[in-house]
Amino acid sequence: MEAIALRDVHVCYDAFVALDGVDLVVGQGQALGIVGPNGSGKSTLLKSIAGLLQPSSGSLCVLGTSPKSLEPGAIAYVPQVEAVDWSFPATVWDVVAMGRFPRIPFWRRFSRADREIVNHALEAVQMESLAKRHIAHLSGGQQQRVFLARALAQQPRLLLLDEPTTGVDHATEEALRLVVRDLVAQGMPVLMTTHDLDRVTEWFDLLCVMDRHILAFGTPEEVVDSGAYAAIREHTHTHGHLRHDHAPHEGHADHPEVRPI
Ligand code: ADP
Ligand code: MG
């Protein structure tokens with residue numbers, strides 16, 4: 001069974017078409033990297049796969065069904081850190097424990113086994129010593145580690161990560177990568193957006209370049225060798241860290257011409 005299969009998926013914000021005919025297939029035990037300019041629909045794609053946005057047309061099959069038909073907790077979706085209120089009164093441990101909630105039926109208490117799963121998740125990202133810290137007092141790298149630990153505690157069947165490496169130090173990036181590669185080795189499908197194009201061969205089995213639809217798709221080597229990667233890379237180095245995420249209806253006219261491979 002394919003882990004994810006999208007055919008001609010369109011997603012709109014009112015009249016604005018954010019995804020314009022996305023076709024994508026990812027298998028079990030594959031990590032797919034998603035690159036593209038700001039505003040190209042990367043976050044929209046992950047939210048659609050997570051079942052948070054409804055396509056206006058096309059078919060979207062996740063783990064053999066529609067995202068909303070899956071059991072609670074089947075998909076772990078880790079949003080961009082900017083999308084979260086870090087002043088929310090919670091400790092690192094609380095946030096990671098929240099990953100268990102979709103997995104615990106309402107009649108069952110938080111058990112010793114749940115606590116062990118949370119502790120293991122914290123250990124996997126080397127955050128156990130900061131378990132009692134308030135989340136407002138974390139660095140960007142520590143925030144990403146907490147997010148990934150919460151996703152691990154959820155024990156999902158699909159992991160979606162939105163720019164987990166943006167603004168993190170090298171040690172954190174490597175810690176995240178090792179955790180992700182370990183999950184992939186166990187058969188987990190992982191989709192991850194990124195602006196860090198330099199280490200795509202170490203992170204991913206597959207890479208796609210998108211701008212409202214998929215422009216190039218293949219192994220990281222194939223996509224790196226294609227014009228699509230180079231065009232986006234140039235664009236990213238020029239504009240990659242400007243944040244236009246919530247400026248709707250921004251023009252796409254300046255996006256580079258890229259050739260599908
Ligand atoms: P990316 O993650 O690649 O930067 P997004 O998926 O966040 O792109 O956004 C794609 C496009 O949709 C952008 O032009 C953005 O401004 C627009 N957009 C995103 N979220 C909304 C929203 N809630 N309402 C209206 N437009 C949105
Ligand atoms: Mg985004």
# chains A, B, ... in the order shown; residues from 1 in each chain; ligands from 1
call {"tool": "residues_near_ligand", "arguments": {"ligand": "ligand 2", "cutoff": "12 Å", "atoms": "only C-alpha atoms and all ligand atoms", "output": "number ranges by chain"}}
result
A: 18, 34-47, 78-83, 161-164, 166, 192-195, 210-211, 240-247
call {"tool": "select_by_dssp", "arguments": {"residues": "segment 63-239 of chain A", "states": "strand (DSSP E or B)", "output": "PDB file with N, CA and C atoms, in the first residue's frame"}}
result
ATOM      1  N   THR A  65      -6.745   5.606   3.193  1.00  0.00           N
ATOM      2  CA  THR A  65      -8.084   6.175   3.337  1.00  0.00           C
ATOM      3  C   THR A  65      -7.988   7.696   3.317  1.00  0.00           C
ATOM      4  N   ILE A  75      -1.646  10.408  12.385  1.00  0.00           N
ATOM      5  CA  ILE A  75      -0.752  11.346  11.704  1.00  0.00           C
ATOM      6  C   ILE A  75      -0.190  12.317  12.730  1.00  0.00           C
ATOM      7  N   ALA A  76       1.136  12.440  12.780  1.00  0.00           N
ATOM      8  CA  ALA A  76       1.754  13.489  13.600  1.00  0.00           C
ATOM      9  C   ALA A  76       2.145  14.623  12.667  1.00  0.00           C
ATOM     10  N   TYR A  77       1.555  15.791  12.899  1.00  0.00           N
ATOM     11  CA  TYR A  77       1.843  16.972  12.086  1.00  0.00           C
ATOM     12  C   TYR A  77       2.557  17.980  12.980  1.00  0.00           C
ATOM     13  N   VAL A  78       3.769  18.329  12.626  1.00  0.00           N
ATOM     14  CA  VAL A  78       4.571  19.269  13.404  1.00  0.00           C
ATOM     15  C   VAL A  78       4.612  20.592  12.649  1.00  0.00           C
ATOM     16  N   THR A  91       5.114  23.107  30.596  1.00  0.00           N
ATOM     17  CA  THR A  91       6.512  22.700  30.627  1.00  0.00           C
ATOM     18  C   THR A  91       6.809  21.817  29.412  1.00  0.00           C
ATOM     19  N   HIS A 134       9.806  25.685  31.458  1.00  0.00           N
ATOM     20  CA  HIS A 134       8.678  26.304  30.769  1.00  0.00           C
ATOM     21  C   HIS A 134       9.043  26.474  29.290  1.00  0.00           C
ATOM     22  N   LEU A 158       2.394   8.123  10.407  1.00  0.00           N
ATOM     23  CA  LEU A 158       2.888   9.047   9.377  1.00  0.00           C
ATOM     24  C   LEU A 158       3.376  10.302  10.079  1.00  0.00           C
ATOM     25  N   LEU A 159       4.536  10.795   9.672  1.00  0.00           N
ATOM     26  CA  LEU A 159       5.108  11.989  10.300  1.00  0.00           C
ATOM     27  C   LEU A 159       5.259  13.100   9.269  1.00  0.00           C
ATOM     28  N   LEU A 160       4.699  14.274   9.591  1.00  0.00           N
ATOM     29  CA  LEU A 160       4.769  15.450   8.722  1.00  0.00           C
ATOM     30  C   LEU A 160       5.490  16.555   9.481  1.00  0.00           C
ATOM     31  N   LEU A 161       6.591  17.052   8.929  1.00  0.00           N
ATOM     32  CA  LEU A 161       7.403  18.061   9.614  1.00  0.00           C
ATOM     33  C   LEU A 161       7.507  19.307   8.744  1.00  0.00           C
ATOM     34  N   ASP A 162       7.091  20.460   9.301  1.00  0.00           N
ATOM     35  CA  ASP A 162       7.132  21.704   8.524  1.00  0.00           C
ATOM     36  C   ASP A 162       8.346  22.536   8.940  1.00  0.00           C
ATOM     37  N   VAL A 190       7.763   9.683   6.034  1.00  0.00           N
ATOM     38  CA  VAL A 190       8.017  11.029   6.581  1.00  0.00           C
ATOM     39  C   VAL A 190       8.003  12.036   5.449  1.00  0.00           C
ATOM     40  N   LEU A 191       7.240  13.114   5.611  1.00  0.00           N
ATOM     41  CA  LEU A 191       7.272  14.230   4.659  1.00  0.00           C
ATOM     42  C   LEU A 191       7.763  15.457   5.403  1.00  0.00           C
ATOM     43  N   MET A 192       8.698  16.171   4.811  1.00  0.00           N
ATOM     44  CA  MET A 192       9.306  17.302   5.518  1.00  0.00           C
ATOM     45  C   MET A 192       9.620  18.427   4.554  1.00  0.00           C
ATOM     46  N   THR A 193       9.184  19.638   4.897  1.00  0.00           N
ATOM     47  CA  THR A 193       9.562  20.800   4.097  1.00  0.00           C
ATOM     48  C   THR A 193      10.872  21.353   4.620  1.00  0.00           C
ATOM     49  N   LEU A 206      13.589  10.671  -1.205  1.00  0.00           N
ATOM     50  CA  LEU A 206      12.960  11.332  -2.349  1.00  0.00           C
ATOM     51  C   LEU A 206      12.944  12.832  -2.094  1.00  0.00           C
ATOM     52  N   LEU A 207      12.982  13.589  -3.184  1.00  0.00           N
ATOM     53  CA  LEU A 207      12.927  15.048  -3.060  1.00  0.00           C
ATOM     54  C   LEU A 207      11.960  15.570  -4.108  1.00  0.00           C
ATOM     55  N   CYS A 208      11.155  16.567  -3.734  1.00  0.00           N
ATOM     56  CA  CYS A 208      10.338  17.227  -4.750  1.00  0.00           C
ATOM     57  C   CYS A 208      10.502  18.732  -4.660  1.00  0.00           C
ATOM     58  N   VAL A 209      10.386  19.346  -5.808  1.00  0.00           N
ATOM     59  CA  VAL A 209      10.398  20.805  -5.911  1.00  0.00           C
ATOM     60  C   VAL A 209       8.985  21.212  -6.273  1.00  0.00           C
ATOM     61  N   MET A 210       8.402  22.147  -5.515  1.00  0.00           N
ATOM     62  CA  MET A 210       7.024  22.533  -5.820  1.00  0.00           C
ATOM     63  C   MET A 210       6.855  24.037  -5.914  1.00  0.00           C
ATOM     64  N   ILE A 214       3.676  20.054  -8.284  1.00  0.00           N
ATOM     65  CA  ILE A 214       5.003  19.450  -8.230  1.00  0.00           C
ATOM     66  C   ILE A 214       5.740  19.726  -9.552  1.00  0.00           C
ATOM     67  N   LEU A 215       6.899  20.370  -9.438  1.00  0.00           N
ATOM     68  CA  LEU A 215       7.689  20.708 -10.632  1.00  0.00           C
ATOM     69  C   LEU A 215       8.731  19.643 -10.935  1.00  0.00           C
ATOM     70  N   ALA A 216       9.241  19.000  -9.920  1.00  0.00           N
ATOM     71  CA  ALA A 216      10.248  17.954 -10.114  1.00  0.00           C
ATOM     72  C   ALA A 216      10.143  16.983  -8.952  1.00  0.00           C
ATOM     73  N   PHE A 217      10.387  15.700  -9.245  1.00  0.00           N
ATOM     74  CA  PHE A 217      10.244  14.668  -8.218  1.00  0.00           C
ATOM     75  C   PHE A 217      11.216  13.554  -8.563  1.00  0.00           C
ATOM     76  N   GLY A 218      11.929  13.033  -7.596  1.00  0.00           N
ATOM     77  CA  GLY A 218      12.850  11.929  -7.845  1.00  0.00           C
ATOM     78  C   GLY A 218      13.739  11.706  -6.647  1.00  0.00           C
TER      79      GLY A 218
END
call {"tool": "closest_residue", "arguments": {"among": "A:Leu52, A:Ala113, A:Leu122, A:Leu70", "to": "ligand 1", "atoms": "only C-alpha atoms and all ligand atoms"}}
result
A:Leu52
call {"tool": "select_by_dssp", "arguments": {"residues": "segment 2-238 of chain A", "states": "helix (DSSP H, G or I)", "output": "PyMOL selection string"}}
result
chain A and resi 42-49+67-69+81-83+92-98+101-103+112-124+128-130+135-137+140-153+170-185+200-203+220-225+227-238
call {"tool": "closest_residue", "arguments": {"among": "A:Ala15, A:Met188, A:Leu176, A:Met1", "to": "ligand 1", "atoms": "only C-alpha atoms and all ligand atoms"}}
result
A:Ala15
call {"tool": "residues_around", "arguments": {"residues": "Gly99 of chain A", "least_positions_apart": "2", "cutoff": "10 Å", "atoms": "only C-alpha atoms", "output": "compact mmCIF listing (two decimals) with N, CA and C atoms, in the first residue's frame"}}
result
# COMPACT_ATOMS: atom_id res chain seq x y z
N GLY A 73 -4.55 10.35 16.16
CA GLY A 73 -3.13 10.16 16.45
C GLY A 73 -2.36 9.46 15.35
N ALA A 76 1.14 12.44 12.78
CA ALA A 76 1.75 13.49 13.60
C ALA A 76 2.15 14.62 12.67
N ASP A 94 4.97 18.61 29.77
CA ASP A 94 3.53 18.74 29.45
C ASP A 94 3.31 18.66 27.94
N VAL A 95 4.13 19.40 27.20
CA VAL A 95 3.92 19.46 25.75
C VAL A 95 4.14 18.10 25.12
N VAL A 96 5.18 17.40 25.55
CA VAL A 96 5.44 16.07 24.98
C VAL A 96 4.34 15.10 25.40
N ALA A 97 3.86 15.23 26.65
CA ALA A 97 2.76 14.36 27.13
C ALA A 97 1.50 14.56 26.30
N PHE A 101 -2.25 12.22 24.17
CA PHE A 101 -3.69 12.39 24.37
C PHE A 101 -4.54 11.72 23.28
N PRO A 102 -4.20 11.89 21.98
CA PRO A 102 -5.06 11.23 20.98
C PRO A 102 -5.02 9.71 21.08
N ARG A 103 -3.99 9.18 21.72
CA ARG A 103 -3.82 7.73 21.81
C ARG A 103 -4.47 7.12 23.05
N ILE A 104 -4.97 7.97 23.98
CA ILE A 104 -5.55 7.45 25.23
C ILE A 104 -7.07 7.57 25.16
N ASP A 114 2.38 5.29 29.56
CA ASP A 114 2.38 6.58 28.85
C ASP A 114 3.55 7.43 29.31
N ILE A 117 6.71 6.29 27.75
CA ILE A 117 6.78 6.68 26.33
C ILE A 117 7.22 8.15 26.23
N VAL A 118 6.68 9.01 27.10
CA VAL A 118 7.06 10.43 27.10
C VAL A 118 8.55 10.56 27.45
N ALA A 121 10.70 9.53 24.57
CA ALA A 121 10.68 10.55 23.50
C ALA A 121 11.61 11.70 23.85
N PHE A 147 9.04 19.61 19.87
CA PHE A 147 8.02 19.26 18.88
C PHE A 147 8.19 17.84 18.37
N LEU A 148 9.43 17.49 18.05
CA LEU A 148 9.66 16.14 17.53
C LEU A 148 9.38 15.10 18.61
N ALA A 149 9.76 15.41 19.86
CA ALA A 149 9.48 14.48 20.96
C ALA A 149 7.97 14.27 21.13
N ARG A 150 7.20 15.35 21.00
CA ARG A 150 5.73 15.20 21.11
C ARG A 150 5.21 14.29 20.00
N ALA A 151 5.77 14.47 18.79
CA ALA A 151 5.35 13.61 17.67
C ALA A 151 5.74 12.15 17.94
N LEU A 152 6.92 11.92 18.52
CA LEU A 152 7.35 10.55 18.83
C LEU A 152 6.42 9.93 19.88
N ALA A 153 6.07 10.73 20.90
CA ALA A 153 5.21 10.22 21.97
C ALA A 153 3.85 9.79 21.44
N GLN A 154 3.44 10.41 20.35
CA GLN A 154 2.15 10.09 19.74
C GLN A 154 2.17 8.71 19.07
N GLN A 155 3.36 8.20 18.79
CA GLN A 155 3.51 6.92 18.07
C GLN A 155 2.65 6.88 16.82
N PRO A 156 2.93 7.84 15.90
CA PRO A 156 2.09 7.96 14.71
C PRO A 156 2.46 6.91 13.66
call {"tool": "residues_around", "arguments": {"residues": "Trp86 of chain A", "least_positions_apart": "3", "cutoff": "9 Å", "atoms": "only C-alpha atoms", "output": "PDB file with N, CA and C atoms, in the first residue's frame"}}
result
ATOM      1  N   VAL A  81       7.507  26.453  13.721  1.00  0.00           N
ATOM      2  CA  VAL A  81       7.549  26.962  15.104  1.00  0.00           C
ATOM      3  C   VAL A  81       6.871  28.317  15.230  1.00  0.00           C
ATOM      4  N   GLU A  82       6.902  29.120  14.160  1.00  0.00           N
ATOM      5  CA  GLU A  82       6.294  30.461  14.231  1.00  0.00           C
ATOM      6  C   GLU A  82       4.786  30.368  14.402  1.00  0.00           C
ATOM      7  N   PRO A  89       1.206  28.473  29.026  1.00  0.00           N
ATOM      8  CA  PRO A  89       1.829  27.997  30.266  1.00  0.00           C
ATOM      9  C   PRO A  89       1.940  26.477  30.326  1.00  0.00           C
ATOM     10  N   ALA A  90       3.072  25.962  29.899  1.00  0.00           N
ATOM     11  CA  ALA A  90       3.285  24.510  29.913  1.00  0.00           C
ATOM     12  C   ALA A  90       4.778  24.243  29.995  1.00  0.00           C
ATOM     13  N   ILE A 135       8.094  26.210  28.416  1.00  0.00           N
ATOM     14  CA  ILE A 135       8.424  26.247  26.973  1.00  0.00           C
ATOM     15  C   ILE A 135       8.760  27.646  26.463  1.00  0.00           C
ATOM     16  N   ALA A 136       8.387  28.677  27.239  1.00  0.00           N
ATOM     17  CA  ALA A 136       8.753  30.042  26.822  1.00  0.00           C
ATOM     18  C   ALA A 136      10.269  30.247  26.892  1.00  0.00           C
ATOM     19  N   HIS A 137      10.956  29.410  27.682  1.00  0.00           N
ATOM     20  CA  HIS A 137      12.383  29.611  27.923  1.00  0.00           C
ATOM     21  C   HIS A 137      13.223  28.588  27.164  1.00  0.00           C
ATOM     22  N   LEU A 138      12.868  28.379  25.907  1.00  0.00           N
ATOM     23  CA  LEU A 138      13.621  27.436  25.075  1.00  0.00           C
ATOM     24  C   LEU A 138      14.208  28.167  23.876  1.00  0.00           C
ATOM     25  N   GLN A 143      13.035  24.145  20.953  1.00  0.00           N
ATOM     26  CA  GLN A 143      11.610  24.084  20.580  1.00  0.00           C
ATOM     27  C   GLN A 143      11.374  22.973  19.556  1.00  0.00           C
TER      28      GLN A 143
END
call {"tool": "residues_around", "arguments": {"residues": "Val62 of chain A", "least_positions_apart": "3", "cutoff": "12 Å", "atoms": "only C-alpha atoms", "output": "PyMOL selection string"}}
result
chain A and resi 1-7+24-28+46+48-51+59+65-71+74-75+157-160+189
call {"tool": "closest_residue", "arguments": {"among": "A:Leu183, A:Ala230, A:Leu130, A:Leu19", "to": "ligand 1", "atoms": "only C-alpha atoms and all ligand atoms"}}
result
A:Leu19
call {"tool": "atom_distance", "arguments": {"atom1": "atom CA of Val224 of chain A", "atom2": "atom CA of Gln186 of chain A"}}
result
26.4 Å
call {"tool": "atom_distance", "arguments": {"atom1": "atom CA of Leu53 of chain A", "atom2": "atom CA of Arg212 of chain A"}}
result
15.0 Å
call {"tool": "atom_distance", "arguments": {"atom1": "atom 15 (C, counted along the ligand's line) of ligand 1", "atom2": "atom CA of Cys61 of chain A"}}
result
23.8 Å
call {"tool": "closest_residue", "arguments": {"among": "A:Glu221, A:Asp20, A:Asp8, A:Asp14", "to": "ligand 1", "atoms": "only C-alpha atoms and all ligand atoms"}}
result
A:Asp14
call {"tool": "closest_residue", "arguments": {"among": "A:Thr201, A:Ser56, A:Ser87, A:Gln126", "to": "Ala171 of chain A", "atoms": "only C-alpha atoms"}}
result
A:Gln126
